[in-house]
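Written out below as structure tokens is the structure these notes cover.
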Amino acid sequence: MMPRQFLPTLRGLLMPKADDPPAPPPTEAKDLLAGNAYVSMSYAGITNVWGTPGRADGWDMERVVIEGYERSIWAFKSIEAISKHAGTLPVQIGRGGDDRQFAETLDDHPLLRLLNGRANPLETGPVFRKRVSAQLLLSKKGVFIEKTYSRGGTLVRVDLLPPDRVQIIPDDRNADYVKHFEFTDYAGHIRELQPKHVIWLRDPHPTDPFCGITPLEAAGLSIDLDVKARTYNISFIDNDGRPGGIVGIDLDGVDPKEVARIQKRLAPGAHNAGQLTLVGTGPGGVTYVDTSARPREMAYETLSTTAKNEILSAFGVYESVIGNASERTFNNADREEWNFWAHTELNHLDLIMSAFADELDDDWAIQFDTSRVQALEFPRRQAREEARKEFESGLITIDEYRKIAGRDPFNVPQSRALWISPQKAPVPANEQDAAALGLGPDPALTGAAGAGPSGAPLPPASTDASAAAAVADARALEPGQDAAAAVAAARELAPLELTAGTTETAADTVATARAATTGVPLPGDAADDVARARATTSASLPGDAADDVEAARGQLESKALPQGDGYEVTEADFDALSMAVQAALTALLARQQGVIAARLRAPKIRKHTRFWEPENEHDTRGGDANIDEDRVVSAARWEEETASTLAPILQQAATTTARRLGQAIASTDTVPPAAVAAGLVAAMYAGQAVAALLGDLADELHSLQSLPTELKLEDLERTVGRFYERAGLAWVARIAETCAVSTINGAADAAAENAGPDIVRTWITRQDTRVRPAHKALHGKTLPVGTPYTVDGASIRYPGDPFAPIDLTINCRCRLHYDTDPKE
């Protein structure tokens with residue numbers, strides 16, 4: 001009975017290197033079934049029992065590299081194909097987004113400097129990552145990475161340790177599994193390494209936590225066969241070198257020297273292979289013998305092909321991935337490339353990056369940047385192609401297609417409707433969309449409260465007004481697509497300057513903007529500020545922000561001139577919408593101040609900074625770094641929240657204005673999409689203004705932390721409070737007025753252009769001292785709809801045009817008079 005041998009491909013792999021091998025250990029036989037036997041064998045006195053580190057101790061890494069990696073072309077190419085991506089793809093740290101790309105990324109972090117820059121004095125980051133990947137595929141013991149920290153607790157170096165020089169010392173009580181590691185350097189000195197300074201990375205074994213697994217164990221026999229088949233073939237050529245055929249003739253009477261010379265023609269060697277040889281056969285005989293290769297010798301080809309397929313399967317690598325795509329169509333080659341990435345490479349890369357996750361805060365993640373890997377686009381291309389066909393057939397909406405394509409939906413009635421081929425007739429999703437598409441009555445005219453232009457109800461205000469809840473809500477937001485940046489690029493906007501000179505606190509400005517008949521409110525925390533800002537002039541008890549917005553919406557008015565006298569919005573239209581925007585912005589900024597103050601005190605923000613307060617003498621979470629001011633203010637998230645908060649208010653006003661102008665000029669209730677878009681653009685402008693405001697706050701916090709003085713956390717909190725005091729009510733009023741003028745005039749102009757080509761419009765100013773000279777020159781000027789006004793060499797479509805120079809639109813209060821007859 002032959003004993004079962006562990007890893008027969010690399011014979012003696014678990015045997016210790018010694019001149020005199022030890023006596024073989026006793027074997028234990030266990031009969032499972034009659035006629036079959038199972039035999040277990042332990043090598044070098046090591047018992048393979050779960051919970052002990054002995055399973056991988058005998059893994060001879062040097063022999064694995066020599067016999068498995070360097071001698072087998074298929075093992076080498078498989079490991080090279082997998083590890084090269086770990087060395088070439090950059091590492092990124094971020095949060096949000098999808099499995100391929102973060103929504104928000106960090107540009108500077110110790111891990112990025114090491115893994116993308118220089119890992120240690122000997123290796124760059126890409127070389128280090130490739131070695132980690134290759135070693136993970138070769139080492140049963142796993143990968144050991146030593147971490148070196150500065151005195152301030154910053155990771156400054158990572159070194160890859162040879163696995164065969166690291167010994168795992170288990171915990172005696174098995175509580176922490178590993179007590180420490182012992183590393184033997186090349187000089188023979190042993191260093192004790194604490195677990196917190198060592199990353200132990202391995203492909204987990206199903207039963208033994210102290211051991212990893214490697215594809216070489218499954219592919220070992222095939223690698224051994226492949227190497228031996230090649231060795232046999234080379235030895236056959238070198239040692240046999242038989243001729244291609246032999247001719248036998250009668251050599252009687254031939255000189256013996258000549259016979260000897262002929263016999264030498266049978267000498268072995270590759271240089272003699274394939275030649276014809278003349279030999280003697282005896283009197284009167286002539287024969288011919290074919291000595292070419294027999295099927296037995298040709299078995300090398302079959303054996304080599306089988307070994308190759310088994311090796312590649314064990315590593316999860318296709319032959320087309322390592323460079324041989326012959327006998328494959330383009331689609332098959334693309335599918336194999338995607339299968340390799342989906343089932344082999346991504347899992348391998350994720351396993352490597354998981355080793356460094358402990359160096360990050362909970363809300364950040366680290367991964368390889370695979371956004372430019374074309375193979376991963378294969379299923380997405382197929383999904384987009386199928387979605388396009390479904391959209392063209394009227395089976396899905398534009399928004400549904402954009403979600404499949406990985407883009408943000410428009411979320412307007414036109415994009416939510418099904419467009420049926422071939423006439424492309426819209427099928428609205430609800431009654432509100434039907435009204436917006438001109439296919440039904442307007443629910444806004446029937447007093448539908450709390451609904452936006454699309455009919456969707458406004459989100460209710462949070463009942464939990466605490467700063468902690470505000471922080472949780474703000475952190476739950478994910479940064480979206482920076483549409484406001486496109487608007488800024490078109491308008492060449494400069495960041496808005498803060499209004500200086502006011503001495504009111506944020507709470508005072510909120511109360512002033514929304515004050516009832518009561519007295520001055522008492523000071524309180526950010527949650528109290530938000531509660532006071534929610535107070536309205538029409539209610540004795542405080543209400544939430546949603547009620548304030550609805551109350552402001554109820555005051556929106558438009559004045560339609562009698563039929564034949566055209567249409568002109570009134571000052572009340574601008575003032576009512578401006579008041580509604582002010583109410584929403586004031587409450588938003590009050591909550592924003594409370595959130596930023598709470599973030600400054602958050603432990604995750606202060607961790608590893610000079611503002612960390614140690615809990616005990618062993619607390620090492622402090623550091624000498626500054627607080628990340630950009631993370632504290634989170635301008636991108638507040639920009640998104642501002643736009644989403646104001647968009648329903650502005651779009652509702654735009655829809656009402658466009659519908660009333662259409663009724664007055666063309667007797668139609670149709671609201672063109674461009675009219676609704678005017679409110680959306682104004683909301684994005686407000687979001688951009690808030691982001692610029694927070695950018696100034698981040699600059700102040702950065703400048704304060706750059707001073708060579710000792711700071712406390714209270715100093716940063718006071719800076720935030722003073723900043724919002726300087727912003728005050730004037731800043732909110734200016735933004736609100738700009739949004740109101742841009743929305744009302746933009747919606748009216750879009751509706752007039754949709755009404756017909758014979759509509760003209762006349763520029764009307766308020767004719768007071770605040771009107772700028774450039775606009776005074778336009779007062780009374782009449783032009784056809786669609787023809788822009790020209791002033792100071794610039795074009796402006798209507799007052800508050802977001803795409804005109806900002807010096808012609810900021811604080812503008814002008815309007816247009818529309819009519820069907822041209823005016824002199």
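Going through the structure tokens in order, the chains are called A, B, and so on, while each chain numbers its residues from 1 and the ligands are numbered from 1 in the order shown.
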Q: Pick out the residues sitting within 12 Å of Arg402 of chain A, and hand them over as JSON, numbers by chain; count only C-alpha atoms, and ignore anything fewer than 2 positions along from it in its own chain.
A: {"A": [383, 384, 387, 388, 391, 396, 397, 398, 399, 400, 404, 405, 406, 407, 408, 409, 410, 411, 415, 416]}
Export, as a compact mmCIF listing (two decimals), in the first residue's frame, the selected residues with N, CA, C and O atoms.
# COMPACT_ATOMS: atom_id res chain seq x y z
N ALA A 383 -24.95 46.14 -21.51
CA ALA A 383 -26.13 46.67 -20.82
C ALA A 383 -26.62 47.96 -21.48
O ALA A 383 -27.83 48.17 -21.63
N ARG A 384 -25.67 48.84 -21.87
CA ARG A 384 -26.07 50.09 -22.52
C ARG A 384 -26.70 49.84 -23.88
O ARG A 384 -27.68 50.49 -24.25
N ALA A 387 -30.15 48.62 -23.27
CA ALA A 387 -31.00 49.70 -22.77
C ALA A 387 -31.37 50.67 -23.89
O ALA A 387 -32.50 51.19 -23.91
N ARG A 388 -30.43 50.96 -24.78
CA ARG A 388 -30.75 51.86 -25.91
C ARG A 388 -31.85 51.27 -26.79
O ARG A 388 -32.76 51.99 -27.24
N PHE A 391 -35.08 51.71 -24.96
CA PHE A 391 -35.56 53.09 -25.00
C PHE A 391 -36.14 53.42 -26.37
O PHE A 391 -37.20 54.06 -26.47
N ILE A 396 -38.51 51.80 -21.80
CA ILE A 396 -37.96 52.45 -20.62
C ILE A 396 -37.87 53.95 -20.88
O ILE A 396 -37.94 54.39 -22.03
N THR A 397 -37.70 54.73 -19.81
CA THR A 397 -37.62 56.18 -19.92
C THR A 397 -36.16 56.62 -20.06
O THR A 397 -35.23 55.82 -19.92
N ILE A 398 -35.98 57.91 -20.32
CA ILE A 398 -34.63 58.46 -20.41
C ILE A 398 -33.91 58.34 -19.07
O ILE A 398 -32.72 57.98 -19.02
N ASP A 399 -34.62 58.61 -17.98
CA ASP A 399 -33.99 58.50 -16.66
C ASP A 399 -33.58 57.07 -16.36
O ASP A 399 -32.52 56.82 -15.77
N GLU A 400 -34.42 56.09 -16.74
CA GLU A 400 -34.06 54.69 -16.52
C GLU A 400 -32.83 54.31 -17.33
O GLU A 400 -31.96 53.57 -16.85
N ILE A 404 -28.91 53.09 -15.94
CA ILE A 404 -28.19 51.93 -16.44
C ILE A 404 -26.84 52.34 -16.99
O ILE A 404 -25.84 51.62 -16.84
N ALA A 405 -26.77 53.51 -17.62
CA ALA A 405 -25.51 53.99 -18.21
C ALA A 405 -24.58 54.61 -17.17
O ALA A 405 -23.49 55.06 -17.51
N GLY A 406 -25.00 54.65 -15.91
CA GLY A 406 -24.15 55.19 -14.86
C GLY A 406 -24.15 56.70 -14.79
O GLY A 406 -23.20 57.30 -14.27
N ARG A 407 -25.20 57.34 -15.28
CA ARG A 407 -25.30 58.79 -15.25
C ARG A 407 -26.47 59.21 -14.36
O ARG A 407 -27.40 58.44 -14.17
N ASP A 408 -26.41 60.44 -13.87
CA ASP A 408 -27.48 60.94 -13.01
C ASP A 408 -28.72 61.22 -13.85
O ASP A 408 -28.63 61.79 -14.94
N PRO A 409 -29.90 60.83 -13.37
CA PRO A 409 -31.14 61.12 -14.12
C PRO A 409 -31.46 62.60 -14.11
O PRO A 409 -31.09 63.32 -13.19
N PHE A 410 -32.17 63.07 -15.14
CA PHE A 410 -32.58 64.47 -15.20
C PHE A 410 -33.70 64.74 -14.20
O PHE A 410 -33.81 65.84 -13.66
N ASN A 411 -34.59 63.74 -14.02
CA ASN A 411 -35.71 63.85 -13.09
C ASN A 411 -36.61 65.03 -13.41
O ASN A 411 -36.97 65.81 -12.54
N SER A 415 -38.09 63.51 -19.00
CA SER A 415 -37.20 62.35 -18.88
C SER A 415 -37.85 61.20 -18.12
O SER A 415 -37.39 60.07 -18.21
N ARG A 416 -38.91 61.47 -17.37
CA ARG A 416 -39.62 60.41 -16.65
C ARG A 416 -40.68 59.75 -17.51
O ARG A 416 -41.18 58.68 -17.16
(Q) With DSSP run on the backbone, what are the strand (DSSP E or B) residues within segment 42-152 of chain A? I'd like them as a list in words. (A) Val91, Gln92, Ile93, Gly94, Arg95, Glu104, Thr105, Arg118, Thr124, Val143, Phe144, Ile145, Glu146, Lys147, Thr148 and Tyr149 of chain A
(Q) Residues near Tyr177 of chain A, anyone? I mean within 9 Å using only C-alpha atoms, not counting same-chain ones fewer than 5 positions away, as a ChimeraX atom specification. (A) /A:51,169-172,209-210
Can you write just those residues out, C-alpha atoms, as a compact mmCIF listing (two decimals), in the first residue's frame?
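Just written: out.txt:
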# COMPACT_ATOMS: atom_id res chain seq x y z
CA GLY A 51 -4.92 25.85 15.42
CA ILE A 169 4.66 32.76 17.50
CA PRO A 170 1.09 31.83 18.49
CA ASP A 171 -0.61 33.19 21.57
CA ASP A 172 -0.48 30.66 24.40
CA PRO A 209 -6.01 30.45 10.29
CA PHE A 210 -2.21 30.19 10.49
Q: Do a neighbour search on Asn745 of chain A at 10 Å with only C-alpha atoms, toss out local chain neighbours closer than 5 positions, and write the hits as an NGL selection string.
A: :A and (568-569 or 574 or 654 or 657-658 or 675 or 678 or 740 or 750-751 or 797-801 or 813-816)
Q) Using the chain letters and numbers from this document, which residues of segment 57-139 of chain A does DSSP assign to alpha helix (DSSP H), as an NGL selection string? A) :A and (61-63 or 73-88 or 110-112 or 125-138)
Q: For Glu146 of chain A, please output as a PyMOL selection string all residues within 10 Å (counting only C-alpha atoms; exclusion window: fewer than 3 positions along the same chain).
A: chain A and resi 157-161+193-200
I'd like the contact shell of Phe315 of chain A - 12 Å cut-off, only C-alpha atoms, skipping same-chain residues fewer than 3 positions apart - returned as a compact mmCIF listing (two decimals) with C-alpha atoms, in the first residue's frame.
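What landed in result-v4.txt:
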# COMPACT_ATOMS: atom_id res chain seq x y z
CA TRP A 74 2.95 28.66 -17.86
CA ALA A 75 3.36 29.20 -14.13
CA PHE A 76 5.65 32.16 -14.79
CA LYS A 77 3.26 33.76 -17.32
CA SER A 78 0.25 33.21 -15.06
CA ILE A 79 1.92 34.88 -12.09
CA GLU A 80 3.24 37.64 -14.35
CA ALA A 81 -0.22 38.28 -15.85
CA ILE A 82 -1.80 38.62 -12.40
CA SER A 83 0.94 40.56 -10.61
CA ALA A 134 3.68 37.57 -6.81
CA LEU A 137 0.60 33.61 -5.30
CA LEU A 138 3.75 31.66 -4.39
CA ILE A 213 -3.20 28.60 0.11
CA THR A 214 -1.52 29.02 -3.26
CA PRO A 215 -2.47 27.87 -6.78
CA LEU A 216 0.84 26.01 -6.88
CA GLU A 217 -0.61 23.35 -4.59
CA ALA A 218 -3.35 22.50 -7.10
CA ALA A 219 -1.11 23.00 -10.15
CA GLY A 220 1.96 21.35 -8.64
CA SER A 222 0.92 19.65 -13.74
CA ILE A 223 3.94 21.93 -13.30
CA LYS A 308 -0.60 23.90 -19.82
CA ASN A 309 -4.40 23.86 -19.58
CA GLU A 310 -4.29 22.54 -16.01
CA ILE A 311 -1.77 25.16 -14.86
CA LEU A 312 -3.69 28.04 -16.43
CA TYR A 318 -6.76 32.34 -19.98
CA GLU A 319 -4.23 31.77 -22.75
CA VAL A 321 -4.63 36.93 -21.43
CA ILE A 322 -0.96 35.93 -21.59
CA PHE A 340 -10.10 36.99 -16.01
CA HIS A 343 -13.17 36.15 -11.42
CA THR A 344 -9.41 36.33 -10.83
CA GLU A 345 -7.76 39.75 -10.95
CA HIS A 348 -6.71 39.28 -6.01
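With distances restricted to only C-alpha atoms, A:Met353 is the closest residue to Ala365 of chain A from A:Leu588, A:Ala119, A:Leu155, A:Met353.
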(Q) Ranking A:Lys140, A:His109, A:Asp252, A:Asp362 by minimum distance to Asp208 of chain A and counting only C-alpha atoms, which one comes first? (A)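 Looking only at the distances to Asp208 of chain A, the closest residue turns out to be A:Lys140.
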Q. Smallest atom-to-atom distance to Asp203 of chain A: which of A:Leu808, A:Leu349, A:Asp98, A:Arg230, using only C-alpha atoms?
A. A:Leu349
